[in-house]
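Undergrad: Quick one: the structure is below, and I'll ask about it shortly.
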Amino acid sequence: MKARVHVTLKNGVLDPQGKAIGHALHGMGFAQVGEVRQGKFIELDLAETDKAKAKAQVEEMCKKLLANTVIENYAIELV
């Protein structure tokens, strides 16, 4: 089973990398782009076959390592 984790900064947290990307896009002529927020995408290959157990394991991984839950949100998708 695969788990896909999307990690993004919480609203209100400054995103200097997103600002830099937005500035670069505007400089390239993409003036229609508004605010840009960047994040991380992590794909995990899991040996677990039970969806509930897999989700619980990935939740624990996110809380312990993959996301800084003070300033980041995460979303888990099992495939």
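Chain labels follow the order of the structure tokens: the first chain is A, the next B, and so on; residue numbering restarts at 1 in every chain, and ligands are counted from 1 in their shown order.
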If we count only C-alpha atoms and set the cut-off at 8 Å, which residues sit around stretch 56-63 of chain A, ignoring sequence neighbours fewer than 4 positions away in its own chain? Please answer as a count of residues only.

TA: 7

Undergrad: Do a neighbour search on A:Ile71 at 12 Å with only C-alpha atoms, toss out local chain neighbours closer than 5 positions, and write the hits as a compact mmCIF listing (two decimals) with C-alpha atoms, in the first residue's frame.

TA:
# COMPACT_ATOMS: atom_id res chain seq x y z
CA VAL A 7 2.60 18.89 4.14
CA THR A 8 1.84 22.62 3.97
CA LEU A 9 2.42 25.60 6.21
CA LYS A 10 -0.55 26.64 8.32
CA ASN A 11 -2.38 29.82 7.39
CA GLY A 12 -0.73 32.82 9.01
CA VAL A 13 2.76 31.27 8.96
CA LEU A 14 5.16 33.26 6.78
CA ASP A 15 6.26 31.40 3.65
CA GLY A 39 4.90 22.55 0.67
CA LYS A 63 3.60 13.78 14.21

Undergrad: Between atom CA of A:Lys64 and atom CA of A:Lys19, measure the distance and give it in Å to one decimal.

TA: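 That distance, rounded to one decimal, is 27.7 Å.
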
Undergrad: For the atom pair atom CA of A:Ile21 and atom CA of A:Leu65, what is the interatomic distance in Å to one decimal place?

TA: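 If I compute the distance from atom CA of A:Ile21 to atom CA of A:Leu65, I get 25.6 Å.
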
Undergrad: I want to know what sits within 10 Å of A:Glu48, based on only C-alpha atoms, with residues of the same chain fewer than 4 positions away left out; could you give that as a PDB file with N, CA and C atoms, in the first residue's frame?

TA:
ATOM      1  N   MET A   1       0.850  -1.174   0.000  1.00  0.00           N
ATOM      2  CA  MET A   1       0.000   0.000   0.000  1.00  0.00           C
ATOM      3  C   MET A   1       0.895   1.236   0.000  1.00  0.00           C
ATOM      4  N   LYS A   2       0.460   2.243  -0.721  1.00  0.00           N
ATOM      5  CA  LYS A   2       1.192   3.507  -0.754  1.00  0.00           C
ATOM      6  C   LYS A   2       0.455   4.550   0.071  1.00  0.00           C
ATOM      7  N   ALA A  52      -6.743   1.002   8.174  1.00  0.00           N
ATOM      8  CA  ALA A  52      -6.810   1.709   9.457  1.00  0.00           C
ATOM      9  C   ALA A  52      -5.449   1.704  10.151  1.00  0.00           C
ATOM     10  N   LYS A  53      -4.787   0.546  10.140  1.00  0.00           N
ATOM     11  CA  LYS A  53      -3.453   0.458  10.760  1.00  0.00           C
ATOM     12  C   LYS A  53      -2.445   1.306   9.993  1.00  0.00           C
ATOM     13  N   ALA A  54      -2.520   1.266   8.673  1.00  0.00           N
ATOM     14  CA  ALA A  54      -1.594   2.042   7.846  1.00  0.00           C
ATOM     15  C   ALA A  54      -1.763   3.531   8.127  1.00  0.00           C
ATOM     16  N   LYS A  55      -3.025   3.982   8.181  1.00  0.00           N
ATOM     17  CA  LYS A  55      -3.267   5.407   8.436  1.00  0.00           C
ATOM     18  C   LYS A  55      -2.751   5.804   9.814  1.00  0.00           C
ATOM     19  N   GLN A  57      -0.277   4.440  11.438  1.00  0.00           N
ATOM     20  CA  GLN A  57       1.187   4.466  11.374  1.00  0.00           C
ATOM     21  C   GLN A  57       1.682   5.750  10.717  1.00  0.00           C
TER      22      GLN A  57
END

Undergrad: For the alpha helix (DSSP H) assignment from backbone DSSP, which residues of chain A qualify? Please present them as a ChimeraX atom specification.

TA: /A:16-27,51-61

Undergrad: Store the residues of this selection in a file with N, CA and C atoms, as a PDB file, in the first residue's frame.

TA:
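Here's the written file result-v4.pdb:
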ATOM      1  N   PRO A  16       8.467  32.345   3.137  1.00  0.00           N
ATOM      2  CA  PRO A  16       9.403  33.080   2.283  1.00  0.00           C
ATOM      3  C   PRO A  16       9.706  32.355   0.968  1.00  0.00           C
ATOM      4  N   GLN A  17       9.717  31.041   0.979  1.00  0.00           N
ATOM      5  CA  GLN A  17       9.980  30.311  -0.269  1.00  0.00           C
ATOM      6  C   GLN A  17       8.806  30.488  -1.234  1.00  0.00           C
ATOM      7  N   GLY A  18       7.584  30.469  -0.732  1.00  0.00           N
ATOM      8  CA  GLY A  18       6.411  30.717  -1.564  1.00  0.00           C
ATOM      9  C   GLY A  18       6.449  32.116  -2.151  1.00  0.00           C
ATOM     10  N   LYS A  19       6.853  33.105  -1.324  1.00  0.00           N
ATOM     11  CA  LYS A  19       6.964  34.490  -1.810  1.00  0.00           C
ATOM     12  C   LYS A  19       7.998  34.568  -2.929  1.00  0.00           C
ATOM     13  N   ALA A  20       9.141  33.887  -2.763  1.00  0.00           N
ATOM     14  CA  ALA A  20      10.194  33.912  -3.784  1.00  0.00           C
ATOM     15  C   ALA A  20       9.699  33.284  -5.089  1.00  0.00           C
ATOM     16  N   ILE A  21       8.949  32.192  -4.983  1.00  0.00           N
ATOM     17  CA  ILE A  21       8.399  31.541  -6.176  1.00  0.00           C
ATOM     18  C   ILE A  21       7.413  32.485  -6.869  1.00  0.00           C
ATOM     19  N   GLY A  22       6.538  33.108  -6.086  1.00  0.00           N
ATOM     20  CA  GLY A  22       5.572  34.054  -6.649  1.00  0.00           C
ATOM     21  C   GLY A  22       6.259  35.221  -7.335  1.00  0.00           C
ATOM     22  N   HIS A  23       7.296  35.767  -6.702  1.00  0.00           N
ATOM     23  CA  HIS A  23       8.045  36.882  -7.278  1.00  0.00           C
ATOM     24  C   HIS A  23       8.696  36.456  -8.602  1.00  0.00           C
ATOM     25  N   ALA A  24       9.286  35.252  -8.615  1.00  0.00           N
ATOM     26  CA  ALA A  24       9.934  34.761  -9.835  1.00  0.00           C
ATOM     27  C   ALA A  24       8.905  34.564 -10.954  1.00  0.00           C
ATOM     28  N   LEU A  25       7.738  34.032 -10.613  1.00  0.00           N
ATOM     29  CA  LEU A  25       6.704  33.839 -11.627  1.00  0.00           C
ATOM     30  C   LEU A  25       6.238  35.169 -12.210  1.00  0.00           C
ATOM     31  N   HIS A  26       6.068  36.161 -11.347  1.00  0.00           N
ATOM     32  CA  HIS A  26       5.675  37.490 -11.838  1.00  0.00           C
ATOM     33  C   HIS A  26       6.750  38.047 -12.764  1.00  0.00           C
ATOM     34  N   GLY A  27       8.019  37.842 -12.388  1.00  0.00           N
ATOM     35  CA  GLY A  27       9.131  38.307 -13.214  1.00  0.00           C
ATOM     36  C   GLY A  27       9.194  37.614 -14.565  1.00  0.00           C
ATOM     37  N   LYS A  51      -5.983  -0.782   6.083  1.00  0.00           N
ATOM     38  CA  LYS A  51      -6.006   0.676   5.883  1.00  0.00           C
ATOM     39  C   LYS A  51      -5.988   1.450   7.196  1.00  0.00           C
ATOM     40  N   ALA A  52      -6.743   1.002   8.174  1.00  0.00           N
ATOM     41  CA  ALA A  52      -6.810   1.709   9.457  1.00  0.00           C
ATOM     42  C   ALA A  52      -5.449   1.704  10.151  1.00  0.00           C
ATOM     43  N   LYS A  53      -4.787   0.546  10.140  1.00  0.00           N
ATOM     44  CA  LYS A  53      -3.453   0.458  10.760  1.00  0.00           C
ATOM     45  C   LYS A  53      -2.445   1.306   9.993  1.00  0.00           C
ATOM     46  N   ALA A  54      -2.520   1.266   8.673  1.00  0.00           N
ATOM     47  CA  ALA A  54      -1.594   2.042   7.846  1.00  0.00           C
ATOM     48  C   ALA A  54      -1.763   3.531   8.127  1.00  0.00           C
ATOM     49  N   LYS A  55      -3.025   3.982   8.181  1.00  0.00           N
ATOM     50  CA  LYS A  55      -3.267   5.407   8.436  1.00  0.00           C
ATOM     51  C   LYS A  55      -2.751   5.804   9.814  1.00  0.00           C
ATOM     52  N   ALA A  56      -2.958   4.951  10.806  1.00  0.00           N
ATOM     53  CA  ALA A  56      -2.468   5.233  12.159  1.00  0.00           C
ATOM     54  C   ALA A  56      -0.944   5.329  12.172  1.00  0.00           C
ATOM     55  N   GLN A  57      -0.277   4.440  11.438  1.00  0.00           N
ATOM     56  CA  GLN A  57       1.187   4.466  11.374  1.00  0.00           C
ATOM     57  C   GLN A  57       1.682   5.750  10.717  1.00  0.00           C
ATOM     58  N   VAL A  58       1.050   6.142   9.620  1.00  0.00           N
ATOM     59  CA  VAL A  58       1.474   7.347   8.905  1.00  0.00           C
ATOM     60  C   VAL A  58       1.178   8.589   9.751  1.00  0.00           C
ATOM     61  N   GLU A  59       0.048   8.595  10.468  1.00  0.00           N
ATOM     62  CA  GLU A  59      -0.249   9.695  11.391  1.00  0.00           C
ATOM     63  C   GLU A  59       0.884   9.859  12.397  1.00  0.00           C
ATOM     64  N   GLU A  60       1.328   8.745  12.960  1.00  0.00           N
ATOM     65  CA  GLU A  60       2.414   8.783  13.938  1.00  0.00           C
ATOM     66  C   GLU A  60       3.711   9.286  13.300  1.00  0.00           C
ATOM     67  N   MET A  61       3.985   8.842  12.068  1.00  0.00           N
ATOM     68  CA  MET A  61       5.178   9.306  11.346  1.00  0.00           C
ATOM     69  C   MET A  61       5.131  10.816  11.143  1.00  0.00           C
TER      70      MET A  61
END

Undergrad: Find the distance between atom CA of A:Gln38 and atom CA of A:Ala75 and write it in Å to one decimal.

TA: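 Separation between atom CA of A:Gln38 and atom CA of A:Ala75: 14.3 Å.
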